[in-house]
file work-v7.txt (compact mmCIF, C-alpha atoms)
# COMPACT_ATOMS: atom_id res chain seq x y z
CA MET A 20 117.47 97.47 161.31
CA ALA A 21 120.12 98.21 158.73
CA GLY A 22 120.22 94.52 157.90
CA SER A 23 116.52 94.33 157.00
CA SER A 24 116.70 97.34 154.65
CA MET A 25 119.73 95.81 152.97
CA LYS A 26 117.82 92.63 152.39
CA SER A 27 114.83 94.39 150.87
CA ILE A 28 117.06 96.41 148.55
CA LYS A 29 118.77 93.24 147.43
CA LEU A 30 115.40 91.66 146.65
CA ARG A 31 114.37 94.66 144.59
CA ILE A 32 117.58 94.57 142.61
CA LYS A 33 116.93 90.92 141.83
CA SER A 34 113.39 91.55 140.68
CA VAL A 35 114.40 94.50 138.48
CA GLU A 36 117.17 92.38 137.02
CA SER A 37 114.81 89.63 136.00
CA THR A 38 112.43 92.13 134.44
CA MET A 39 115.35 93.59 132.54
CA GLN A 40 116.22 90.16 131.23
CA ILE A 41 112.73 89.82 129.80
CA THR A 42 112.67 93.27 128.23
CA ARG A 43 116.10 92.73 126.74
CA ALA A 44 115.06 89.38 125.27
CA MET A 45 111.95 90.95 123.76
CA GLN A 46 114.02 93.74 122.33
CA LEU A 47 116.33 91.25 120.65
CA VAL A 48 113.42 89.27 119.23
CA ALA A 49 111.85 92.45 117.88
CA THR A 50 115.13 93.56 116.33
CA SER A 51 115.58 90.29 114.51
CA LYS A 52 111.99 90.31 113.26
CA LEU A 53 112.25 93.89 112.16
CA ARG A 54 114.46 93.30 109.15
CA ARG A 55 112.25 90.61 107.69
CA SER A 56 109.05 92.51 108.28
CA LYS A 57 110.52 95.61 106.69
CA GLU A 58 111.48 93.63 103.61
CA ARG A 59 107.98 92.22 103.37
CA MET A 60 106.56 95.70 103.69
CA GLU A 61 108.76 97.01 100.88
CA MET A 62 107.78 94.14 98.61
CA SER A 63 104.08 94.72 99.10
CA LYS A 64 104.29 98.37 98.12
CA PRO A 65 104.58 98.26 94.31
CA TYR A 66 101.30 96.38 93.90
CA ALA A 67 99.40 98.72 96.18
CA SER A 68 100.60 101.86 94.43
CA ILE A 69 100.30 100.57 90.87
CA SER A 70 96.81 99.19 91.43
CA ARG A 71 95.77 102.44 93.03
CA GLU A 72 96.75 104.35 89.89
CA ALA A 73 95.00 101.86 87.65
CA ILE A 74 91.80 102.03 89.67
CA GLN A 75 91.84 105.82 89.58
CA ALA A 76 92.29 105.76 85.81
CA ALA A 77 89.41 103.34 85.43
CA ILE A 78 87.17 105.51 87.60
CA LEU A 79 87.88 108.51 85.43
CA ALA A 80 87.11 106.43 82.36
CA CYS A 81 83.75 105.43 83.78
CA GLY A 82 82.74 109.06 83.62
CA ASP A 83 79.18 109.60 84.78
CA LYS A 84 78.18 105.96 84.75
CA SER A 85 77.50 104.73 88.23
CA VAL A 86 79.53 101.95 89.73
CA PRO A 87 78.50 100.85 93.22
CA TYR A 88 82.07 100.87 94.51
CA VAL A 89 82.48 104.54 93.67
CA GLU A 90 79.10 106.02 94.42
CA ALA A 91 78.92 107.58 97.85
CA ARG A 92 75.71 107.04 99.76
CA PRO A 93 74.51 108.42 103.10
CA VAL A 94 76.49 106.71 105.84
CA LYS A 95 74.20 104.88 108.21
CA LYS A 96 76.80 102.39 109.30
CA ARG A 97 80.53 102.14 108.89
CA CYS A 98 82.83 99.18 108.83
CA TYR A 99 86.25 99.63 110.34
CA ILE A 100 89.09 97.28 109.54
CA VAL A 101 91.40 97.55 112.52
CA ILE A 102 94.89 96.18 112.34
CA ALA A 103 96.44 96.05 115.80
CA GLY A 104 99.01 93.92 117.51
CA GLU A 105 98.89 90.40 118.78
CA ARG A 106 100.45 91.36 122.08
CA GLY A 107 100.97 94.46 124.16
CA LEU A 108 104.29 95.76 125.46
CA ALA A 109 104.78 97.95 122.45
CA GLY A 110 104.38 101.36 124.01
CA GLY A 111 101.25 103.13 122.83
CA TYR A 112 100.99 101.10 119.64
CA ASN A 113 97.61 99.45 120.26
CA ASN A 114 96.10 102.31 122.22
CA ASN A 115 96.86 104.89 119.56
CA ILE A 116 94.96 102.81 117.02
CA PHE A 117 91.88 102.52 119.21
CA LYS A 118 91.98 106.23 120.01
CA ALA A 119 92.20 107.16 116.34
CA LEU A 120 89.22 104.96 115.57
CA ALA A 121 87.12 106.42 118.36
CA ALA A 122 87.97 109.94 117.17
CA ASP A 123 87.04 109.10 113.59
CA ALA A 124 83.84 107.22 114.36
CA GLY A 125 82.07 110.04 116.18
CA ASP A 126 78.42 109.12 116.66
CA THR A 127 78.00 106.94 113.60
CA PRO A 128 77.30 103.31 114.47
CA TYR A 129 79.93 100.89 113.27
CA VAL A 130 81.01 97.31 112.97
CA VAL A 131 84.61 96.22 113.19
CA LEU A 132 86.69 93.74 111.29
CA PRO A 133 89.53 93.23 113.74
CA ILE A 134 92.90 91.82 112.79
CA GLY A 135 95.28 91.03 115.63
CA ARG A 136 94.36 89.63 119.03
CA LYS A 137 94.42 92.99 120.81
CA ALA A 138 91.87 94.43 118.41
CA ILE A 139 89.61 91.40 118.70
CA ASP A 140 89.70 91.51 122.51
CA LYS A 141 89.13 95.24 122.63
CA TYR A 142 86.01 95.34 120.48
CA GLN A 143 84.51 92.20 121.93
CA HIS A 144 84.98 93.76 125.33
CA LEU A 145 83.27 96.95 124.17
CA GLY A 146 80.39 94.87 122.85
CA ILE A 147 80.77 96.06 119.27
CA GLU A 148 79.79 93.72 116.49
CA THR A 149 82.84 92.06 114.95
CA LEU A 150 82.75 90.43 111.53
CA ASP A 151 85.47 87.92 112.20
CA GLN A 152 87.51 86.73 115.17
CA SER A 153 89.89 84.30 113.56
CA HIS A 154 92.78 86.55 112.58
CA THR A 155 94.78 86.92 115.74
CA HIS A 156 98.15 86.96 114.03
CA VAL A 157 99.11 89.93 111.89
CA GLU A 158 102.52 88.46 111.25
CA GLY A 159 101.25 85.33 109.53
CA ILE A 160 98.65 87.00 107.33
CA SER A 161 98.75 85.80 103.72
CA VAL A 162 97.46 87.22 100.48
CA GLY A 163 94.85 84.44 100.41
CA MET A 164 93.47 85.52 103.80
CA CYS A 165 93.22 89.09 102.57
CA TYR A 166 91.12 87.91 99.64
CA LYS A 167 88.75 86.07 101.97
CA LEU A 168 88.38 89.15 104.16
CA VAL A 169 87.83 91.38 101.16
CA LYS A 170 85.10 89.06 99.91
CA ARG A 171 83.19 89.58 103.15
CA LEU A 172 83.71 93.33 102.91
CA THR A 173 82.55 93.66 99.33
CA GLU A 174 79.53 91.44 99.97
CA GLY A 175 78.58 93.46 103.03
CA TYR A 176 79.13 96.70 101.18
CA LEU A 177 77.16 95.73 98.08
CA ASP A 178 74.31 94.31 100.21
CA GLY A 179 74.12 97.57 102.11
CA ALA A 180 75.10 96.11 105.50
CA PHE A 181 77.43 99.08 105.78
CA ASP A 182 77.98 102.16 103.64
CA GLU A 183 81.64 102.87 104.16
CA VAL A 184 84.72 100.77 104.71
CA VAL A 185 87.53 102.45 106.60
CA LEU A 186 90.95 101.02 107.26
CA VAL A 187 92.75 101.89 110.49
CA TYR A 188 96.36 100.82 110.75
CA THR A 189 99.80 102.07 111.66
CA THR A 190 102.27 103.02 109.01
CA PHE A 191 106.00 102.71 109.38
CA VAL A 192 107.57 106.13 108.91
CA SER A 193 110.97 105.39 110.38
CA MET A 194 112.50 103.34 113.13
CA MET A 195 111.60 106.02 115.65
CA SER A 196 108.19 107.01 114.43
CA GLN A 197 105.07 105.16 113.40
CA GLU A 198 101.85 106.93 112.53
CA VAL A 199 98.26 105.80 112.76
CA ARG A 200 96.43 106.15 109.46
CA VAL A 201 92.71 106.23 108.90
CA GLU A 202 91.93 105.59 105.24
CA ARG A 203 88.64 105.17 103.48
CA LEU A 204 88.63 102.16 101.16
CA LEU A 205 85.02 102.13 100.01
CA PRO A 206 83.48 103.95 98.32
CA VAL A 207 86.61 104.79 96.38
CA GLU A 208 87.14 108.48 96.19
CA PRO A 209 88.08 109.70 92.76
CA GLU A 210 91.24 111.68 93.22
CA SER A 211 91.47 115.14 91.73
CA GLU A 212 90.25 115.71 88.21
CA PRO A 213 93.00 115.61 85.62
CA ALA A 214 94.85 118.89 85.76
CA ALA A 215 94.12 121.44 83.06
CA GLY A 216 96.29 120.94 80.02
CA HIS A 217 96.71 117.30 80.92
CA ARG A 218 96.36 115.07 77.89
CA ILE A 219 93.02 113.28 78.09
CA VAL A 220 94.01 109.74 77.39
CA GLN A 221 91.62 107.57 75.52
CA THR A 222 92.02 104.10 76.89
CA LEU A 223 90.33 101.10 75.44
CA TYR A 224 88.61 99.10 78.16
CA ASP A 225 87.77 95.53 77.43
CA PRO A 226 84.84 94.91 77.62
CA ASN A 227 84.05 98.30 79.27
CA PRO A 228 85.31 100.43 82.17
CA GLU A 229 82.51 99.50 84.56
CA GLU A 230 82.93 95.75 84.27
CA THR A 231 86.68 96.03 84.44
CA LEU A 232 86.40 98.13 87.56
CA MET A 233 83.99 95.69 89.20
CA ALA A 234 86.24 92.75 88.39
CA VAL A 235 89.43 94.36 89.59
CA MET A 236 88.15 96.02 92.75
CA PRO A 237 88.55 92.94 95.01
CA ASP A 238 92.15 92.56 93.82
CA TYR A 239 92.85 96.18 94.56
CA LEU A 240 91.32 95.99 98.03
CA ALA A 241 93.13 92.77 98.87
CA GLY A 242 96.39 94.35 97.77
CA ARG A 243 95.75 97.39 99.94
CA LEU A 244 94.82 95.25 102.90
CA TYR A 245 97.86 93.04 102.54
CA SER A 246 100.17 95.99 102.19
CA ALA A 247 98.60 97.67 105.22
CA ALA A 248 99.00 94.50 107.27
CA CYS A 249 102.69 94.26 106.36
CA ASP A 250 103.13 97.93 107.14
CA ALA A 251 101.34 97.55 110.47
CA PHE A 252 103.41 94.57 111.48
CA ALA A 253 106.67 96.36 110.75
CA SER A 254 105.37 99.29 112.82
CA GLU A 255 104.39 97.01 115.68
CA VAL A 256 107.80 95.39 115.78
CA ALA A 257 109.53 98.76 115.62
CA ALA A 258 107.28 100.15 118.36
CA ARG A 259 107.99 97.13 120.53
CA ARG A 260 111.70 97.40 119.93
CA ASN A 261 111.69 101.04 120.97
CA ALA A 262 109.52 100.40 124.03
CA MET A 263 111.68 97.50 125.15
CA ASP A 264 114.84 99.44 124.46
CA SER A 265 113.80 102.25 126.80
CA ALA A 266 112.46 99.75 129.34
CA THR A 267 115.83 98.01 129.41
CA LYS A 268 117.61 101.34 129.80
CA ASN A 269 115.30 102.38 132.63
CA ALA A 270 115.83 99.08 134.38
CA GLY A 271 119.59 99.56 134.12
CA GLU A 272 119.36 103.03 135.66
CA MET A 273 117.12 101.73 138.40
CA ILE A 274 119.57 98.98 139.26
CA ASP A 275 122.42 101.49 139.43
CA GLY A 276 120.40 103.62 141.84
CA LEU A 277 119.51 100.63 144.00
CA ARG A 278 123.13 99.43 144.11
CA LEU A 279 124.20 102.83 145.39
CA LYS A 280 121.53 102.68 148.08
CA TYR A 281 122.55 99.15 148.98
CA ASN A 282 126.20 100.08 149.33
CA ARG A 283 125.33 103.05 151.50
CA ALA A 284 123.21 100.87 153.75
CA ARG A 285 126.02 98.33 153.97
CA GLN A 286 128.56 101.02 154.80
CA GLY A 287 126.18 102.42 157.39
CA ALA A 288 125.81 99.03 159.03
CA ILE A 289 129.59 98.51 159.20
CA THR A 290 130.19 101.94 160.68
CA GLN A 291 127.55 101.32 163.28
CA GLU A 292 129.07 97.97 164.26
CA ILE A 293 132.52 99.50 164.62
CA THR A 294 131.11 102.28 166.77
CA GLU A 295 129.41 99.73 168.95
CA ILE A 296 132.57 97.65 169.35
CA VAL A 297 134.71 100.68 170.14
CA ALA A 298 132.16 101.91 172.66
CA GLY A 299 132.07 98.45 174.24
CA SER A 300 135.86 98.17 174.65
CA GLU A 301 136.10 101.65 176.17
CA ALA A 302 133.50 100.87 178.79
CA MET B 15 115.56 93.34 67.39
CA ALA B 16 111.88 93.78 67.74
CA ALA B 17 110.46 96.93 69.26
CA VAL B 18 110.14 96.74 73.02
CA PHE B 19 107.88 98.15 75.68
CA SER B 20 108.45 98.41 79.41
CA LEU B 21 106.71 95.75 81.43
CA GLN B 22 106.02 95.52 85.14
CA ILE B 23 104.51 92.42 86.65
CA VAL B 24 103.41 92.70 90.28
CA THR B 25 101.54 90.51 92.74
CA PRO B 26 100.42 91.69 96.18
CA ASP B 27 103.47 90.21 97.85
CA ARG B 28 106.24 91.08 95.41
CA LEU B 29 107.43 92.69 92.21
CA ILE B 30 108.00 89.84 89.79
CA TYR B 31 109.32 91.49 86.69
CA ASP B 32 110.39 94.99 85.84
CA GLY B 33 112.07 95.49 82.50
CA GLU B 34 111.65 95.40 78.76
CA ALA B 35 109.61 92.93 76.80
CA GLU B 36 108.73 92.37 73.16
CA ARG B 37 105.46 90.54 73.53
CA LEU B 38 102.99 89.66 76.25
CA ILE B 39 100.04 87.30 76.02
CA VAL B 40 97.49 87.02 78.83
CA ARG B 41 93.94 85.82 79.25
CA THR B 42 91.29 88.46 79.93
CA LEU B 43 87.55 88.36 80.55
CA THR B 44 86.92 88.33 76.81
CA GLY B 45 89.73 86.01 75.72
CA ASP B 46 93.46 85.94 75.14
CA VAL B 47 95.09 89.20 74.16
CA CYS B 48 98.55 89.86 72.83
CA ILE B 49 100.34 93.10 73.57
CA LEU B 50 103.14 94.32 71.34
CA ALA B 51 105.09 97.53 71.52
CA HIS B 52 103.11 100.73 70.83
CA HIS B 53 99.80 99.13 71.67
CA ILE B 54 97.05 101.69 72.15
CA ASP B 55 96.14 102.48 75.74
CA TYR B 56 94.23 99.52 76.99
CA ALA B 57 92.93 97.98 80.20
CA ALA B 58 91.25 94.67 80.91
CA ALA B 59 90.53 92.39 83.85
CA LEU B 60 92.33 89.07 83.90
CA VAL B 61 91.04 85.55 84.44
CA PRO B 62 93.12 82.49 85.37
CA GLY B 63 95.14 81.19 82.46
CA GLU B 64 98.48 80.88 80.83
CA ALA B 65 100.61 83.96 80.27
CA SER B 66 103.58 84.29 78.01
CA VAL B 67 106.26 86.93 78.05
CA VAL B 68 108.78 87.31 75.23
CA THR B 69 111.91 89.22 76.11
CA ALA B 70 115.27 89.55 74.41
CA ASP B 71 116.26 86.33 76.17
CA GLY B 72 113.40 84.32 74.71
CA GLU B 73 109.95 83.26 75.78
CA ARG B 74 108.87 82.52 79.34
CA VAL B 75 105.57 80.96 80.26
CA ALA B 76 103.73 81.45 83.51
CA ALA B 77 100.46 80.66 85.24
CA CYS B 78 98.61 83.85 85.98
CA SER B 79 95.32 84.43 87.74
CA GLY B 80 93.09 87.40 88.33
CA GLY B 81 93.99 91.04 88.35
CA LEU B 82 94.34 93.76 85.80
CA LEU B 83 96.29 94.43 82.66
CA SER B 84 96.88 98.06 81.88
CA VAL B 85 98.70 99.61 78.96
CA SER B 86 99.39 103.28 78.91
CA ASP B 87 101.88 105.06 76.75
CA ASN B 88 103.96 101.96 75.95
CA GLN B 89 104.12 101.15 79.65
CA VAL B 90 102.49 97.81 80.42
CA ARG B 91 101.49 96.84 83.91
CA LEU B 92 100.27 93.42 84.83
CA MET B 93 98.75 93.27 88.30
CA ALA B 94 98.09 89.64 89.00
CA THR B 95 96.64 87.89 92.01
CA THR B 96 99.10 85.08 91.49
CA PHE B 97 101.84 84.83 88.92
CA GLU B 98 104.21 81.89 88.80
CA TRP B 99 106.81 81.18 86.18
CA GLN B 100 106.62 77.68 84.75
CA ASP B 101 109.59 76.46 86.77
CA GLU B 102 108.07 77.73 90.03
CA ILE B 103 104.85 75.79 89.75
CA ASP B 104 104.32 72.97 92.19
CA LEU B 105 102.57 70.42 90.00
CA ALA B 106 101.68 67.98 92.77
CA ARG B 107 100.10 70.75 94.78
CA ALA B 108 98.08 71.99 91.81
CA GLN B 109 96.83 68.47 91.13
CA ARG B 110 95.80 68.04 94.75
CA ALA B 111 93.98 71.37 94.58
CA GLN B 112 92.24 70.28 91.39
CA GLU B 113 91.02 67.02 92.93
CA ALA B 114 89.87 68.73 96.10
CA ALA B 115 87.99 71.41 94.17
CA GLU B 116 86.35 68.87 91.86
CA ALA B 117 85.21 66.75 94.78
CA GLN B 118 83.79 69.82 96.49
CA LEU B 119 81.97 71.01 93.39
CA LYS B 120 80.21 67.65 93.02
CA THR B 121 78.58 68.03 96.41
CA MET B 122 77.56 71.65 95.90
CA SER B 123 74.56 73.11 94.19
CA ALA B 124 75.16 75.80 91.59
CA ASP B 125 73.59 78.53 93.69
CA ASP B 126 75.75 77.83 96.71
CA GLN B 127 77.47 80.98 98.00
CA ASN B 128 80.88 79.39 97.79
CA TYR B 129 80.39 77.83 94.37
CA ALA B 130 82.14 80.65 92.58
CA LEU B 131 84.98 80.53 95.07
CA VAL B 132 85.63 76.82 94.59
CA GLU B 133 85.22 77.16 90.87
CA ALA B 134 87.87 79.87 90.83
CA LYS B 135 90.16 77.54 92.78
CA LEU B 136 89.63 74.83 90.20
CA LYS B 137 90.36 77.25 87.37
CA ARG B 138 93.58 78.38 89.02
CA ALA B 139 94.67 74.78 89.54
CA LEU B 140 93.89 73.90 85.93
CA ALA B 141 95.77 76.93 84.65
CA ARG B 142 98.83 75.88 86.65
CA ILE B 143 98.65 72.31 85.42
CA ARG B 144 98.22 73.40 81.82
CA THR B 145 101.18 75.74 82.05
CA LYS B 146 103.39 73.14 83.61
CA THR B 147 102.66 70.26 81.26
call {"tool": "encode", "arguments": {"input": "work-v7.txt", "output": "structure tokens"}}
result
Amino acid sequence: MAGSSMKSIKLRIKSVESTMQITRAMQLVATSKLRRSKERMEMSKPYASISREAIQAAILACGDKSVPYVEARPVKKRCYIVIAGERGLAGGYNNNIFKALAADAGDTPYVVLPIGRKAIDKYQHLGIETLDQSHTHVEGISVGMCYKLVKRLTEGYLDGAFDEVVLVYTTFVSMMSQEVRVERLLPVEPESEPAAGHRIVQTLYDPNPEETLMAVMPDYLAGRLYSAACDAFASEVAARRNAMDSATKNAGEMIDGLRLKYNRARQGAITQEITEIVAGSEA
Amino acid sequence: MAAVFSLQIVTPDRLIYDGEAERLIVRTLTGDVCILAHHIDYAAALVPGEASVVTADGERVAACSGGLLSVSDNQVRLMATTFEWQDEIDLARAQRAQEAAEAQLKTMSADDQNYALVEAKLKRALARIRTKT
């Protein structure tokens, strides 16, 4: 009896150990990827912030003239760009993104432009229209790919296929925390009016603000998308590292507990044998 | 020394240049423009072409495509889709891209959806080749 429980404990220790090996390997992979992805994220930031300022300035310069990228219209349909992971095992990383989208969408019908295999699978499973299924890898996304995606977005937006473009991704706050962001890309919201007393700058636009804005908008969007993808990938790797770190720790604790149990069972078996032998010799 | 302005050149994947410059020439929708120090506030969209930056160390040429040039208060920002200094250009690759784009254009009609896309590719390739040679 004692022998069989010892055997089953031993088996469990083995299985936990092999799981721990996997989680530890994944943790190491994530750690080594983290540095590179963080660098890439940092390098993509200047463009995103500078182009944002320039676009805002151009919108102000347009004044009352209507530019389709800025004008808000009643939202009949939204387009969500969802940047999720390629794989799971990253704690709540993917789920948090989907939850945030569901909360934001409410009752408005929407289409999805998924990036990352998990996002593609999720929305195909839900039966929601997806614009593209080819971008399974967030890690390998290039600026060129972002331009192609943006082209589809701007075409769809200008044709009226959807009235709003919203980006859902995870931003890297620190190693320990990553936050889901829901940001509206189109129409572009003019940020606050220039503060009172602010010098009204007369900028010369060549040929004029509207055309400049129309020409530059795809660049701006592609820059935002690229920067978000880099940000999301760094977050994914960090989330995975944290998840695997705690999984490895838990596995270690579990093994310690099982070893204790195993030793007790072994001790129990020995004691019982001795008792039996002693009882036998006395008889 | 000539008067300088501060210049930032960025592409979506990196910050290429951040420092002082004396002169900048880029191609915009309406033609080449030259920016010197104390230029009035100015903004224009870029098209593929050659760009030249003059700094205290001399002139550097680059192939630049797409994006926005913005000047505000002696601070010049060049947001380019691609920006490659002359010595970074891969000539063989640009020539291959040129041939591929030309072959594609021959088989397309002018109202094809992708015509503009391929044409832009050709322009970028030509700008790179022109800068390099």
call {"tool": "interface_residues", "arguments": {"input": "work-v7.txt", "of": "chain B", "to": "chain A", "cutoff": "7 Å", "atoms": "all atoms listed in the file", "output": "list in words"}}
result
Val24, Thr25, Pro26, Asp27, Arg28, Leu29, Thr44, Asp55, Tyr56, Ala57, Ala58, Ala59, Gly81, Leu82, Met93 and Thr95 of chain B
call {"tool": "write_last_selection", "arguments": {"input": "work-v7.txt", "atoms": "C-alpha atoms", "output": "PDB file, in the frame of the given file"}}
result
ATOM      1  CA  VAL B  24     103.410  92.700  90.280  1.00  0.00           C
ATOM      2  CA  THR B  25     101.540  90.510  92.740  1.00  0.00           C
ATOM      3  CA  PRO B  26     100.420  91.690  96.180  1.00  0.00           C
ATOM      4  CA  ASP B  27     103.470  90.210  97.850  1.00  0.00           C
ATOM      5  CA  ARG B  28     106.240  91.080  95.410  1.00  0.00           C
ATOM      6  CA  LEU B  29     107.430  92.690  92.210  1.00  0.00           C
ATOM      7  CA  THR B  44      86.920  88.330  76.810  1.00  0.00           C
ATOM      8  CA  ASP B  55      96.140 102.480  75.740  1.00  0.00           C
ATOM      9  CA  TYR B  56      94.230  99.520  76.990  1.00  0.00           C
ATOM     10  CA  ALA B  57      92.930  97.980  80.200  1.00  0.00           C
ATOM     11  CA  ALA B  58      91.250  94.670  80.910  1.00  0.00           C
ATOM     12  CA  ALA B  59      90.530  92.390  83.850  1.00  0.00           C
ATOM     13  CA  GLY B  81      93.990  91.040  88.350  1.00  0.00           C
ATOM     14  CA  LEU B  82      94.340  93.760  85.800  1.00  0.00           C
ATOM     15  CA  MET B  93      98.750  93.270  88.300  1.00  0.00           C
ATOM     16  CA  THR B  95      96.640  87.890  92.010  1.00  0.00           C
TER      17      THR B  95
END
call {"tool": "closest_residue", "arguments": {"input": "work-v7.txt", "among": "A:Arg106, A:Arg285, A:Lys280, A:Arg260", "to": "Arg43 of chain A", "atoms": "only C-alpha atoms"}}
result
A:Arg260
call {"tool": "atom_distance", "arguments": {"input": "work-v7.txt", "atom1": "atom CA of Thr38 of chain A", "atom2": "atom CA of Asn269 of chain A"}}
result
10.8 Å
call {"tool": "residues_around", "arguments": {"input": "work-v7.txt", "residues": "segment 40-42 of chain B", "least_positions_apart": "6", "cutoff": "9 Å", "atoms": "only C-alpha atoms", "output": "JSON, numbers by chain"}}
result
{"A": [225], "B": [48, 49, 58, 59, 60, 61, 62, 63, 64, 65, 66, 67, 78, 79, 80, 82, 83]}
call {"tool": "axis_aligned_box", "arguments": {"input": "work-v7.txt", "around": "segment 59-74 of chain B", "padding_each_side": "4 Å", "output": "JSON"}}
result
{"center_x": 103.4, "center_y": 86.6, "center_z": 79.9, "size_x": 33.7, "size_y": 19.5, "size_z": 19.0}
call {"tool": "atom_distance", "arguments": {"input": "work-v7.txt", "atom1": "atom CA of Glu36 of chain B", "atom2": "atom CA of Ile103 of chain B"}}
result
23.8 Å
call {"tool": "atom_distance", "arguments": {"input": "work-v7.txt", "atom1": "atom CA of Gln112 of chain B", "atom2": "atom CA of Thr96 of chain B"}}
result
16.3 Å
call {"tool": "closest_residue", "arguments": {"input": "work-v7.txt", "among": "A:Ser85, A:Gln291, A:Asn282, A:Gln152", "to": "Pro206 of chain A", "atoms": "only C-alpha atoms"}}
result
A:Ser85
call {"tool": "closest_residue", "arguments": {"input": "work-v7.txt", "among": "A:Arg171, A:Glu148, A:Leu177, A:Ala262", "to": "Ser196 of chain A", "atoms": "all atoms listed in the file"}}
result
A:Ala262
call {"tool": "closest_residue", "arguments": {"input": "work-v7.txt", "among": "B:Leu131, B:Leu92, B:Leu50, B:Ala108", "to": "Leu21 of chain B", "atoms": "all atoms listed in the file"}}
result
B:Leu92
